[in-house]
file data-v9.csv (CSV, C-alpha atoms)
chain,number,residue,atom,x,y,z
A,1,MET,CA,5.1,22.1,82.7
A,2,GLN,CA,3.3,22.2,86.0
A,3,PRO,CA,4.1,19.0,87.9
A,4,SER,CA,1.4,16.4,88.0
A,5,HIS,CA,0.5,15.8,91.6
A,6,PRO,CA,2.4,12.6,92.6
A,7,THR,CA,0.6,9.8,94.3
A,8,PRO,CA,2.0,9.3,97.8
A,9,GLN,CA,3.4,5.9,98.6
A,10,GLN,CA,1.9,6.1,102.1
A,11,THR,CA,-0.4,8.3,104.1
A,12,LEU,CA,0.9,10.6,106.8
A,13,SER,CA,2.1,9.1,110.0
A,14,SER,CA,0.7,10.2,113.4
A,15,ASP,CA,3.9,12.2,114.0
A,16,GLU,CA,3.6,13.9,110.6
A,17,ARG,CA,0.0,14.8,111.2
A,18,GLY,CA,1.0,16.5,114.4
A,19,ARG,CA,4.0,18.2,112.8
A,20,TYR,CA,2.1,19.7,109.9
A,21,ALA,CA,-1.2,20.3,111.8
A,22,ARG,CA,-1.2,24.0,111.0
A,23,GLN,CA,-1.0,23.3,107.3
A,24,LEU,CA,-3.5,20.4,107.4
A,25,ILE,CA,-6.2,22.6,108.8
A,26,LEU,CA,-6.0,25.0,105.9
A,27,PRO,CA,-8.8,23.9,103.6
A,28,GLU,CA,-6.7,24.8,100.5
A,29,VAL,CA,-4.0,22.3,101.6
A,30,GLY,CA,-5.7,19.6,103.7
A,31,LEU,CA,-4.5,16.0,103.9
A,32,ALA,CA,-4.4,15.7,100.1
A,33,GLY,CA,-2.1,18.7,99.7
A,34,GLN,CA,0.2,17.6,102.5
A,35,GLU,CA,0.5,14.2,100.9
A,36,ARG,CA,1.4,15.8,97.6
A,37,LEU,CA,4.2,17.7,99.4
A,38,LYS,CA,5.4,14.4,101.0
A,39,ALA,CA,5.4,12.7,97.6
A,40,ALA,CA,7.2,15.6,95.8
A,41,ALA,CA,10.9,15.9,94.9
A,42,VAL,CA,12.5,19.3,94.7
A,43,LEU,CA,16.0,20.1,93.5
A,44,CYS,CA,17.6,23.3,94.8
A,45,VAL,CA,20.7,24.5,93.0
A,46,GLY,CA,22.7,26.5,95.5
A,47,ALA,CA,22.9,26.3,99.3
A,48,GLY,CA,23.8,29.9,99.8
A,49,GLY,CA,21.8,33.1,100.4
A,50,LEU,CA,18.7,32.1,98.5
A,51,GLY,CA,19.0,28.4,99.2
A,52,SER,CA,19.2,28.8,102.9
A,53,PRO,CA,15.6,30.0,103.6
A,54,LEU,CA,14.3,28.0,100.6
A,55,LEU,CA,15.7,24.7,101.8
A,56,LEU,CA,14.7,25.3,105.4
A,57,TYR,CA,11.1,26.1,104.6
A,58,LEU,CA,10.7,23.3,102.1
A,59,ALA,CA,11.9,20.8,104.6
A,60,ALA,CA,9.7,22.4,107.4
A,61,ALA,CA,6.7,22.3,105.1
A,62,GLY,CA,7.1,18.5,104.5
A,63,ILE,CA,8.6,18.1,101.0
A,64,GLY,CA,9.4,14.4,101.0
A,65,ARG,CA,12.6,14.6,99.0
A,66,ILE,CA,15.0,17.5,98.6
A,67,GLY,CA,18.2,17.5,96.5
A,68,ILE,CA,20.9,20.0,97.2
A,69,VAL,CA,23.5,20.9,94.5
A,70,ASP,CA,26.5,23.0,95.6
A,71,GLY,CA,30.2,22.5,95.2
A,72,ASP,CA,31.4,25.4,97.3
A,73,ALA,CA,32.6,25.5,100.9
A,74,VAL,CA,31.2,27.7,103.6
A,75,GLU,CA,33.2,31.0,104.1
A,76,LEU,CA,33.0,33.3,107.0
A,77,SER,CA,31.5,36.1,104.9
A,78,ASN,CA,28.6,33.8,104.0
A,79,LEU,CA,27.3,33.7,107.5
A,80,GLN,CA,25.8,37.2,107.3
A,81,ARG,CA,23.0,35.9,105.0
A,82,GLN,CA,23.4,32.1,104.5
A,83,VAL,CA,21.5,31.2,107.7
A,84,ILE,CA,21.4,27.5,107.1
A,85,HIS,CA,25.1,27.3,108.0
A,86,ARG,CA,26.7,27.7,111.4
A,87,SER,CA,30.0,29.1,112.4
A,88,ASP,CA,31.6,25.7,112.9
A,89,ALA,CA,30.7,24.9,109.2
A,90,VAL,CA,33.3,27.4,107.8
A,91,GLY,CA,35.6,25.5,105.5
A,92,ARG,CA,33.2,22.6,105.0
A,93,SER,CA,31.0,21.6,102.1
A,94,LYS,CA,27.9,23.8,101.7
A,95,ALA,CA,25.8,21.0,100.4
A,96,ARG,CA,26.7,18.8,103.4
A,97,SER,CA,26.3,21.6,105.9
A,98,ALA,CA,22.8,22.4,104.5
A,99,ALA,CA,21.8,18.7,104.6
A,100,LYS,CA,22.8,18.5,108.2
A,101,SER,CA,20.6,21.4,109.1
A,102,LEU,CA,17.6,19.9,107.2
A,103,GLN,CA,18.0,16.5,108.8
A,104,ALA,CA,18.0,18.2,112.2
A,105,LEU,CA,14.9,20.1,111.3
A,106,ASN,CA,12.8,17.3,109.8
A,107,LEU,CA,13.8,13.6,109.8
A,108,HIS,CA,10.8,12.9,107.6
A,109,CYS,CA,12.5,14.7,104.7
A,110,GLN,CA,14.9,12.7,102.5
A,111,VAL,CA,17.9,14.8,101.6
A,112,ASP,CA,20.1,14.1,98.6
A,113,VAL,CA,23.5,15.7,98.7
A,114,HIS,CA,25.1,16.6,95.4
A,115,ASP,CA,28.5,18.0,96.5
A,116,MET,CA,29.4,19.3,93.1
A,117,MET,CA,29.1,22.2,90.7
A,118,LEU,CA,26.2,22.0,88.2
A,119,ASP,CA,27.5,21.9,84.6
A,120,MET,CA,26.6,20.6,81.1
A,121,SER,CA,27.9,17.1,81.9
A,122,ASN,CA,25.6,16.5,84.9
A,123,VAL,CA,22.6,18.9,84.8
A,124,MET,CA,20.2,16.7,82.7
A,125,ASP,CA,20.8,13.6,84.9
A,126,LEU,CA,20.5,15.6,88.1
A,127,ILE,CA,17.2,17.3,87.4
A,128,ALA,CA,15.6,14.2,85.8
A,129,ASP,CA,14.5,12.7,89.1
A,130,TYR,CA,12.9,15.8,90.5
A,131,ASP,CA,9.5,17.4,90.0
A,132,VAL,CA,10.5,21.1,90.5
A,133,VAL,CA,13.8,22.9,90.2
A,134,CYS,CA,14.7,26.0,92.3
A,135,ASP,CA,17.5,28.3,91.1
A,136,GLY,CA,19.5,29.7,94.0
A,137,THR,CA,22.6,30.6,92.0
A,138,ASP,CA,24.3,33.9,91.6
A,139,ASN,CA,25.8,34.0,88.1
A,140,PHE,CA,24.4,34.2,84.6
A,141,ALA,CA,26.1,31.1,83.2
A,142,SER,CA,24.4,28.9,85.8
A,143,ARG,CA,21.0,30.6,85.3
A,144,TYR,CA,21.0,30.1,81.6
A,145,LEU,CA,22.2,26.5,82.1
A,146,ILE,CA,19.5,25.7,84.6
A,147,ASN,CA,16.8,27.4,82.5
A,148,ASP,CA,17.7,25.6,79.3
A,149,ALA,CA,17.9,22.2,81.0
A,150,CYS,CA,14.5,22.8,82.6
A,151,VAL,CA,13.0,23.7,79.2
A,152,LEU,CA,14.4,20.6,77.6
A,153,SER,CA,13.2,18.5,80.5
A,154,ASP,CA,9.8,20.1,80.9
A,155,LYS,CA,10.5,21.0,84.5
A,156,PRO,CA,9.0,24.1,86.2
A,157,LEU,CA,11.7,26.5,87.5
A,158,ILE,CA,11.4,28.7,90.5
A,159,TYR,CA,13.7,31.7,89.9
A,160,GLY,CA,15.1,34.2,92.3
A,161,SER,CA,17.9,36.8,92.3
A,162,VAL,CA,19.2,39.5,94.7
A,163,GLN,CA,21.6,42.4,94.8
A,164,ARG,CA,22.2,45.1,97.4
A,165,PHE,CA,18.6,46.0,98.6
A,166,GLU,CA,16.6,44.5,95.7
A,167,GLY,CA,15.4,41.2,94.5
A,168,GLN,CA,13.3,39.4,91.9
A,169,VAL,CA,11.3,36.2,91.9
A,170,THR,CA,9.2,34.4,89.3
A,171,VAL,CA,8.2,31.0,88.0
A,172,PHE,CA,9.3,29.8,84.6
A,173,ASN,CA,8.3,27.0,82.3
A,174,CYS,CA,5.0,26.0,84.0
A,175,ASN,CA,3.4,25.1,80.6
A,176,PRO,CA,4.3,25.4,76.9
A,177,GLU,CA,3.1,29.1,76.9
A,178,SER,CA,5.1,30.1,79.9
A,179,PRO,CA,8.0,32.5,79.6
A,180,ASN,CA,11.5,31.3,80.7
A,181,PHE,CA,14.7,33.1,81.7
A,182,ARG,CA,15.5,33.9,78.1
A,183,ASP,CA,12.3,35.9,77.8
A,184,LEU,CA,13.4,37.9,80.9
A,185,LEU,CA,17.0,38.3,79.7
A,186,PRO,CA,17.5,37.3,76.0
A,187,VAL,CA,21.2,37.9,76.0
A,188,PRO,CA,23.6,38.1,79.0
A,189,PRO,CA,24.9,41.4,80.1
A,190,SER,CA,28.5,42.4,79.2
A,191,PRO,CA,31.1,40.9,81.6
A,192,GLY,CA,31.4,43.1,84.5
A,193,ALA,CA,28.4,45.3,83.6
A,194,ILE,CA,26.5,43.9,86.6
A,195,PRO,CA,28.6,43.5,89.7
A,196,SER,CA,28.3,40.4,91.8
A,197,CYS,CA,27.1,40.5,95.4
A,198,SER,CA,30.7,40.1,96.5
A,199,GLU,CA,31.4,43.4,94.8
A,200,ALA,CA,28.2,45.3,95.1
A,201,GLY,CA,27.2,43.9,98.5
A,202,VAL,CA,23.8,42.6,99.7
A,203,MET,CA,21.7,43.3,102.8
A,204,GLY,CA,21.6,40.0,104.6
A,205,VAL,CA,17.8,39.7,104.8
A,206,MET,CA,17.3,40.2,101.0
A,207,PRO,CA,18.1,36.6,100.0
A,208,GLY,CA,16.0,35.5,103.0
A,209,LEU,CA,13.0,37.4,101.7
A,210,ILE,CA,13.4,36.2,98.1
A,211,GLY,CA,14.2,32.7,99.1
A,212,LEU,CA,11.1,32.6,101.2
A,213,LEU,CA,9.0,33.7,98.2
A,214,GLN,CA,10.6,31.0,96.1
A,215,ALA,CA,9.6,28.4,98.8
A,216,THR,CA,6.1,29.8,98.8
A,217,GLU,CA,5.8,29.4,95.0
A,218,THR,CA,7.2,25.9,95.2
A,219,ILE,CA,4.7,24.8,97.8
A,220,LYS,CA,1.8,26.4,95.8
A,221,LEU,CA,2.9,24.7,92.6
A,222,ILE,CA,3.1,21.3,94.2
A,223,THR,CA,-0.2,21.5,96.0
A,224,GLY,CA,-1.9,23.2,93.1
A,225,ILE,CA,-3.3,26.1,95.2
A,226,GLY,CA,-3.5,29.8,94.5
A,227,ARG,CA,-2.0,31.6,91.5
A,228,CYS,CA,1.7,31.2,90.9
A,229,LEU,CA,4.0,33.8,89.4
A,230,ASP,CA,3.9,32.3,85.9
A,231,GLY,CA,4.2,35.3,83.6
A,232,ARG,CA,4.7,37.7,86.4
A,233,LEU,CA,8.0,39.1,87.8
A,234,LEU,CA,7.8,40.2,91.4
A,235,VAL,CA,10.4,43.0,92.0
A,236,VAL,CA,11.2,43.9,95.6
A,237,ASP,CA,12.9,47.1,96.8
A,238,ALA,CA,13.6,46.8,100.5
A,239,LEU,CA,14.8,50.4,101.0
A,240,SER,CA,11.4,51.7,100.1
A,241,MET,CA,9.6,48.4,101.0
A,242,ARG,CA,7.8,48.4,97.7
A,243,PHE,CA,6.7,45.3,95.8
A,244,ARG,CA,6.0,45.7,92.1
A,245,GLU,CA,4.7,43.2,89.6
A,246,LEU,CA,5.8,43.3,86.0
A,247,THR,CA,4.2,41.3,83.2
A,248,LEU,CA,6.5,38.8,81.6
A,249,ARG,CA,5.5,37.2,78.3
A,250,ARG,CA,6.9,34.5,76.2
A,251,ASP,CA,8.6,35.9,73.0
A,252,SER,CA,7.0,34.0,70.2
A,253,GLY,CA,9.9,35.1,67.9
A,254,ARG,CA,12.6,33.8,70.1
A,255,ALA,CA,14.7,30.9,68.8
A,256,PRO,CA,13.6,27.6,70.5
A,257,ILE,CA,16.0,26.0,73.0
A,258,LYS,CA,17.1,22.7,71.3
A,259,ASP,CA,20.2,21.7,73.2
A,260,LEU,CA,22.7,22.9,75.8
A,261,ILE,CA,25.5,25.2,74.8
A,262,ASP,CA,28.8,26.4,76.3
A,263,TYR,CA,27.4,28.8,78.8
A,264,SER,CA,30.7,30.2,80.0
A,265,GLN,CA,31.5,31.2,76.5
A,266,PHE,CA,27.9,32.5,75.9
A,267,CYS,CA,28.0,34.7,78.9
A,268,GLY,CA,31.6,35.9,78.2
A,269,ALA,CA,31.0,36.5,74.5
A,270,ALA,CA,29.2,39.9,74.8
A,271,THR,CA,31.5,42.3,73.2
A,272,THR,CA,32.8,45.2,75.1
A,273,GLU,CA,35.3,48.0,74.4
A,274,MET,CA,37.7,46.1,76.6
A,275,ASP,CA,38.0,43.3,74.0
A,276,SER,CA,40.5,45.3,72.0
A,277,PHE,CA,42.2,47.0,75.0
A,278,ALA,CA,45.7,45.6,75.6
A,279,MET,CA,45.9,45.8,79.4
A,280,GLU,CA,49.1,45.2,81.5
A,281,THR,CA,48.5,43.0,84.5
A,282,ILE,CA,50.5,42.0,87.6
A,283,SER,CA,49.9,39.4,90.3
A,284,VAL,CA,49.5,40.2,93.9
A,285,THR,CA,52.8,38.4,94.8
A,286,GLU,CA,54.6,40.5,92.1
A,287,LEU,CA,53.1,43.6,93.5
A,288,LYS,CA,54.1,42.7,97.0
A,289,ALA,CA,57.7,42.3,95.9
A,290,LEU,CA,57.7,45.7,94.3
A,291,LEU,CA,56.2,47.3,97.4
A,292,ASP,CA,58.8,45.6,99.6
A,293,GLY,CA,61.6,47.1,97.3
A,294,ASP,CA,62.1,50.7,96.4
A,295,ALA,CA,58.4,51.8,96.1
A,296,GLY,CA,59.2,55.4,95.5
A,297,ASP,CA,58.4,55.2,91.8
A,298,LEU,CA,55.2,53.3,92.4
A,299,ALA,CA,51.7,54.5,92.8
A,300,LEU,CA,48.8,52.2,93.8
A,301,VAL,CA,45.2,53.3,93.4
A,302,ASP,CA,42.3,51.4,95.1
A,303,VAL,CA,39.1,51.9,93.0
A,304,ARG,CA,36.7,50.3,95.4
A,305,ASN,CA,34.1,52.1,97.3
A,306,PRO,CA,34.9,53.8,100.7
A,307,ALA,CA,32.7,51.2,102.6
A,308,GLU,CA,34.9,48.4,101.2
A,309,ALA,CA,38.1,50.2,102.3
A,310,GLU,CA,36.8,50.3,105.8
A,311,ILE,CA,36.9,46.5,105.9
A,312,VAL,CA,40.4,46.0,104.5
A,313,VAL,CA,43.1,47.9,102.5
A,314,ILE,CA,46.4,47.2,100.9
A,315,PRO,CA,49.0,49.5,102.7
A,316,SER,CA,50.0,52.6,100.7
A,317,ALA,CA,47.1,52.4,98.3
A,318,VAL,CA,45.2,55.6,97.5
A,319,LEU,CA,41.5,55.3,97.5
A,320,ILE,CA,39.9,56.8,94.4
A,321,PRO,CA,36.5,55.1,93.7
A,322,LEU,CA,35.8,54.0,90.1
A,323,SER,CA,32.8,56.2,90.0
A,324,LYS,CA,35.0,59.3,90.3
A,325,ILE,CA,37.2,58.0,87.4
A,326,GLU,CA,34.1,57.3,85.3
A,327,SER,CA,32.7,60.8,85.9
A,328,GLY,CA,36.1,62.4,85.1
A,329,GLU,CA,36.2,64.0,88.5
A,330,ALA,CA,39.4,62.2,89.6
A,331,ILE,CA,41.3,62.0,86.3
A,332,GLU,CA,43.7,64.9,87.1
A,333,GLN,CA,44.2,63.5,90.6
A,334,VAL,CA,45.3,60.1,89.1
A,335,ARG,CA,47.4,61.9,86.5
A,336,SER,CA,49.2,63.7,89.3
A,337,LEU,CA,49.8,60.5,91.2
A,338,ALA,CA,51.1,58.7,88.1
A,339,GLU,CA,53.5,61.5,87.1
A,340,GLY,CA,57.0,60.0,87.2
A,341,ARG,CA,55.7,56.8,88.7
A,342,ARG,CA,54.5,53.4,87.6
A,343,LEU,CA,50.7,53.3,88.2
A,344,PHE,CA,48.9,50.2,89.5
A,345,VAL,CA,45.1,49.9,90.1
A,346,HIS,CA,43.3,47.3,92.2
A,347,CYS,CA,39.7,46.6,93.4
A,348,LYS,CA,38.3,43.5,95.1
A,349,LEU,CA,38.5,40.9,92.3
A,350,GLY,CA,40.0,42.8,89.3
A,351,MET,CA,37.0,43.6,87.2
A,352,ARG,CA,36.5,47.2,88.3
A,353,SER,CA,40.2,48.0,88.2
A,354,ALA,CA,40.4,46.6,84.7
A,355,LYS,CA,37.6,49.0,83.7
A,356,ALA,CA,39.5,51.8,85.5
A,357,ALA,CA,42.7,51.0,83.6
A,358,GLN,CA,40.8,51.2,80.3
A,359,LEU,CA,39.2,54.6,81.2
A,360,LEU,CA,42.6,56.0,82.3
A,361,ALA,CA,44.2,54.8,79.0
A,362,GLU,CA,41.6,56.9,77.2
A,363,HIS,CA,43.0,59.9,79.0
A,364,GLY,CA,46.6,59.0,78.2
A,365,ILE,CA,47.3,57.5,81.6
A,366,LEU,CA,48.8,54.0,81.6
A,367,ALA,CA,47.9,51.7,84.5
A,368,THR,CA,48.7,48.1,85.3
A,369,ASN,CA,45.8,46.0,86.7
A,370,VAL,CA,46.4,43.9,89.8
A,371,THR,CA,44.9,40.5,89.0
A,372,GLY,CA,42.5,39.1,91.6
A,373,GLY,CA,42.5,42.4,93.6
A,374,ILE,CA,42.5,42.6,97.3
A,375,ASP,CA,40.8,39.2,97.6
A,376,ALA,CA,43.8,37.5,96.1
A,377,TRP,CA,46.1,39.7,98.3
A,378,ALA,CA,44.3,38.4,101.4
A,379,GLN,CA,44.7,34.8,100.2
A,380,GLU,CA,48.2,34.8,98.8
A,381,VAL,CA,50.0,37.7,100.6
A,382,ASP,CA,48.5,38.3,104.0
A,383,PRO,CA,46.0,35.5,105.1
A,384,MET,CA,45.4,37.4,108.3
A,385,LEU,CA,43.4,40.0,106.5
A,386,PRO,CA,39.6,39.7,106.4
A,387,ARG,CA,37.9,38.6,103.2
A,388,TYR,CA,34.4,39.8,102.3

call {"tool": "encode", "arguments": {"input": "data-v9.csv", "output": "structure tokens"}}
result
Amino acid sequence: MQPSHPTPQQTLSSDERGRYARQLILPEVGLAGQERLKAAAVLCVGAGGLGSPLLLYLAAAGIGRIGIVDGDAVELSNLQRQVIHRSDAVGRSKARSAAKSLQALNLHCQVDVHDMMLDMSNVMDLIADYDVVCDGTDNFASRYLINDACVLSDKPLIYGSVQRFEGQVTVFNCNPESPNFRDLLPVPPSPGAIPSCSEAGVMGVMPGLIGLLQATETIKLITGIGRCLDGRLLVVDALSMRFRELTLRRDSGRAPIKDLIDYSQFCGAATTEMDSFAMETISVTELKALLDGDAGDLALVDVRNPAEAEIVVIPSAVLIPLSKIESGEAIEQVRSLAEGRRLFVHCKLGMRSAKAAQLLAEHGILATNVTGGIDAWAQEVDPMLPRY
């Protein structure tokens, strides 16, 4: 449902008229549009890559009240793209760090800090007091949760996602005929089928570009100007610098959203061949103990990509990317490494190495997966190593 244009409690001050002068002189915005922005309340879920430009430009544009929901802390690897945070914010709350930046940018903007993770127990209460919701999350469980809560609450949802050099943006739930996230993705992908940004990587400017488009759609929706991306999915490919528009329609046969569900279970319920695969696992501390002992009968294979191995490695690991195992190109190489040895496989977080262990088992090669991968190694074994 498109938000009704809220009636401002007061007109713009002299300072605000000077601050927003370049918007005020746009005939499409004018004083009435700027007052709508001042009277509006927008909730942004996520103060990371997408949330950074989104929050900054909403505050700069004069949104009167902005809510920030994020329970994470700022990490060093965030700073390449999450430009709302500064180096001295590492280790601190993302929501509070983002709020500090917004307050420094525009004191006329009220900032509500929700230093927590969004879940079924709080989502309905959190979004109730806002006119528009913006999704800046990076996982499917959160996207379905936010979508369903917005449908149940009749709130428009500004959606964005990024990976590597690509991004998507659209507007969901503007009116009863609008599509929502379940029309874009009726069922979640199998766990691990789509790698996260922490595994696949992302060019730092991509969330900036998509978050900026989300901010644009939010401002248009509140002021009632232009044509929003309702029913249109904008797909951006930065490598070729192409913008494509895909039509997105509401599925009339889709089951209606009547209540919230267990989204972790929903997104983990997609069946995969790994469901019936009995995989041996080992912790990074257990692996370290083995490596410190007699490691002559041990082989460790790193299935990450070469670019990841340039950042950090576990000593003695042999780099054999998962793609070469999937294609069959490296099967005999792994078989040779495993001959007469106990074989262990690791990646960044444990998902790709689990897939590698399954594929190797199909070729009669038994491998033990290192739980948590090199990220857990950097946290629990050698904290001096960089994390990415």

call {"tool": "residues_around", "arguments": {"input": "data-v9.csv", "residues": "range 116-126 of chain A", "least_positions_apart": "6", "cutoff": "7 Å", "atoms": "all atoms listed in the file", "output": "list in words"}}
result
Val69, Asp70, Gly71, Ala149 and Leu260 of chain A

call {"tool": "residues_near_point", "arguments": {"input": "data-v9.csv", "point": "(16.7, 50.2, 99.8)", "cutoff": "10 Å", "atoms": "only C-alpha atoms", "output": "PDB file with C-alpha atoms, in the coordinates of the input"}}
result
ATOM      1  CA  ARG A 164      22.200  45.100  97.400  1.00  0.00           C
ATOM      2  CA  PHE A 165      18.600  46.000  98.600  1.00  0.00           C
ATOM      3  CA  GLU A 166      16.600  44.500  95.700  1.00  0.00           C
ATOM      4  CA  MET A 203      21.700  43.300 102.800  1.00  0.00           C
ATOM      5  CA  VAL A 236      11.200  43.900  95.600  1.00  0.00           C
ATOM      6  CA  ASP A 237      12.900  47.100  96.800  1.00  0.00           C
ATOM      7  CA  ALA A 238      13.600  46.800 100.500  1.00  0.00           C
ATOM      8  CA  LEU A 239      14.800  50.400 101.000  1.00  0.00           C
ATOM      9  CA  SER A 240      11.400  51.700 100.100  1.00  0.00           C
ATOM     10  CA  MET A 241       9.600  48.400 101.000  1.00  0.00           C
ATOM     11  CA  ARG A 242       7.800  48.400  97.700  1.00  0.00           C
TER      12      ARG A 242
END

call {"tool": "residues_near_point", "arguments": {"input": "data-v9.csv", "point": "(18.6, 25.2, 79.8)", "cutoff": "12 Å", "atoms": "all atoms listed in the file", "output": "ChimeraX atom specification"}}
result
/A:118-120,123-124,127,133,135,140-157,172-173,180-182,256-263

call {"tool": "closest_atom_pairs", "arguments": {"input": "data-v9.csv", "of": "range 315-377 of chain A", "to": "range 289-296 of chain A", "cutoff": "12 Å", "atoms": "only C-alpha atoms", "output": "tab-separated table"}}
result
residue	atom	partner	partner_atom	distance
A:Pro315	CA	A:Leu291	CA	9.2
A:Ser316	CA	A:Leu291	CA	8.8
A:Ala317	CA	A:Leu291	CA	10.5
A:Leu337	CA	A:Gly296	CA	11.5
A:Ala338	CA	A:Gly296	CA	11.5
A:Glu339	CA	A:Gly296	CA	11.8
A:Gly340	CA	A:Gly296	CA	9.7
A:Arg341	CA	A:Gly296	CA	7.8
A:Arg342	CA	A:Gly296	CA	9.4
A:Leu343	CA	A:Ala295	CA	11.1
A:Phe344	CA	A:Leu290	CA	11.0

call {"tool": "write_last_selection", "arguments": {"input": "data-v9.csv", "atoms": "C-alpha atoms", "output": "PDB file, in the frame of the given file"}}
result
ATOM      1  CA  PRO A 315      49.000  49.500 102.700  1.00  0.00           C
ATOM      2  CA  SER A 316      50.000  52.600 100.700  1.00  0.00           C
ATOM      3  CA  ALA A 317      47.100  52.400  98.300  1.00  0.00           C
ATOM      4  CA  LEU A 337      49.800  60.500  91.200  1.00  0.00           C
ATOM      5  CA  ALA A 338      51.100  58.700  88.100  1.00  0.00           C
ATOM      6  CA  GLU A 339      53.500  61.500  87.100  1.00  0.00           C
ATOM      7  CA  GLY A 340      57.000  60.000  87.200  1.00  0.00           C
ATOM      8  CA  ARG A 341      55.700  56.800  88.700  1.00  0.00           C
ATOM      9  CA  ARG A 342      54.500  53.400  87.600  1.00  0.00           C
ATOM     10  CA  LEU A 343      50.700  53.300  88.200  1.00  0.00           C
ATOM     11  CA  PHE A 344      48.900  50.200  89.500  1.00  0.00           C
TER      12      PHE A 344
END

call {"tool": "residues_around", "arguments": {"input": "data-v9.csv", "residues": "range 41-46 of chain A", "least_positions_apart": "4", "cutoff": "6 Å", "atoms": "all atoms listed in the file", "output": "VMD selection string"}}
result
chain A and resid 51 65 to 70 130 to 137

call {"tool": "closest_atom_pairs", "arguments": {"input": "data-v9.csv", "of": "range 235-340 of chain A", "to": "range 380-384 of chain A", "cutoff": "10 Å", "atoms": "only C-alpha atoms", "output": "JSON lines"}}
result
{"residue": "A:Ser283", "atom": "CA", "partner": "A:Glu380", "partner_atom": "CA", "distance": 9.8}
{"residue": "A:Val284", "atom": "CA", "partner": "A:Val381", "partner_atom": "CA", "distance": 7.2}
{"residue": "A:Thr285", "atom": "CA", "partner": "A:Val381", "partner_atom": "CA", "distance": 6.5}
{"residue": "A:Leu287", "atom": "CA", "partner": "A:Val381", "partner_atom": "CA", "distance": 9.7}
{"residue": "A:Lys288", "atom": "CA", "partner": "A:Val381", "partner_atom": "CA", "distance": 7.4}
{"residue": "A:Ile314", "atom": "CA", "partner": "A:Asp382", "partner_atom": "CA", "distance": 9.7}

call {"tool": "atom_distance", "arguments": {"input": "data-v9.csv", "atom1": "CA of Asp129 in chain A", "atom2": "CA of Asp115 in chain A"}}
result
16.7 Å

call {"tool": "atom_distance", "arguments": {"input": "data-v9.csv", "atom1": "CA of Glu329 in chain A", "atom2": "CA of Thr281 in chain A"}}
result
24.7 Å

call {"tool": "atom_distance", "arguments": {"input": "data-v9.csv", "atom1": "CA of Gln110 in chain A", "atom2": "CA of Thr223 in chain A"}}
result
18.6 Å

call {"tool": "closest_residue", "arguments": {"input": "data-v9.csv", "among": "A:Val169, A:Ala309, A:Leu322, A:Ala98", "to": "Gln214 in chain A", "atoms": "all atoms listed in the file"}}
result
A:Val169

call {"tool": "residues_around", "arguments": {"input": "data-v9.csv", "residues": "Thr247 in chain A", "least_positions_apart": "3", "cutoff": "12 Å", "atoms": "only C-alpha atoms", "output": "NGL selection string"}}
result
:A and (170 or 178-179 or 183-184 or 229-235 or 244 or 250)

call {"tool": "closest_residue", "arguments": {"input": "data-v9.csv", "among": "A:Val74, A:Gly30, A:Ile365, A:Glu177", "to": "Arg249 in chain A", "atoms": "all atoms listed in the file"}}
result
A:Glu177

call {"tool": "closest_residue", "arguments": {"input": "data-v9.csv", "among": "A:Ser252, A:Gln358, A:Ala378, A:Asp297", "to": "Val313 in chain A", "atoms": "all atoms listed in the file"}}
result
A:Ala378
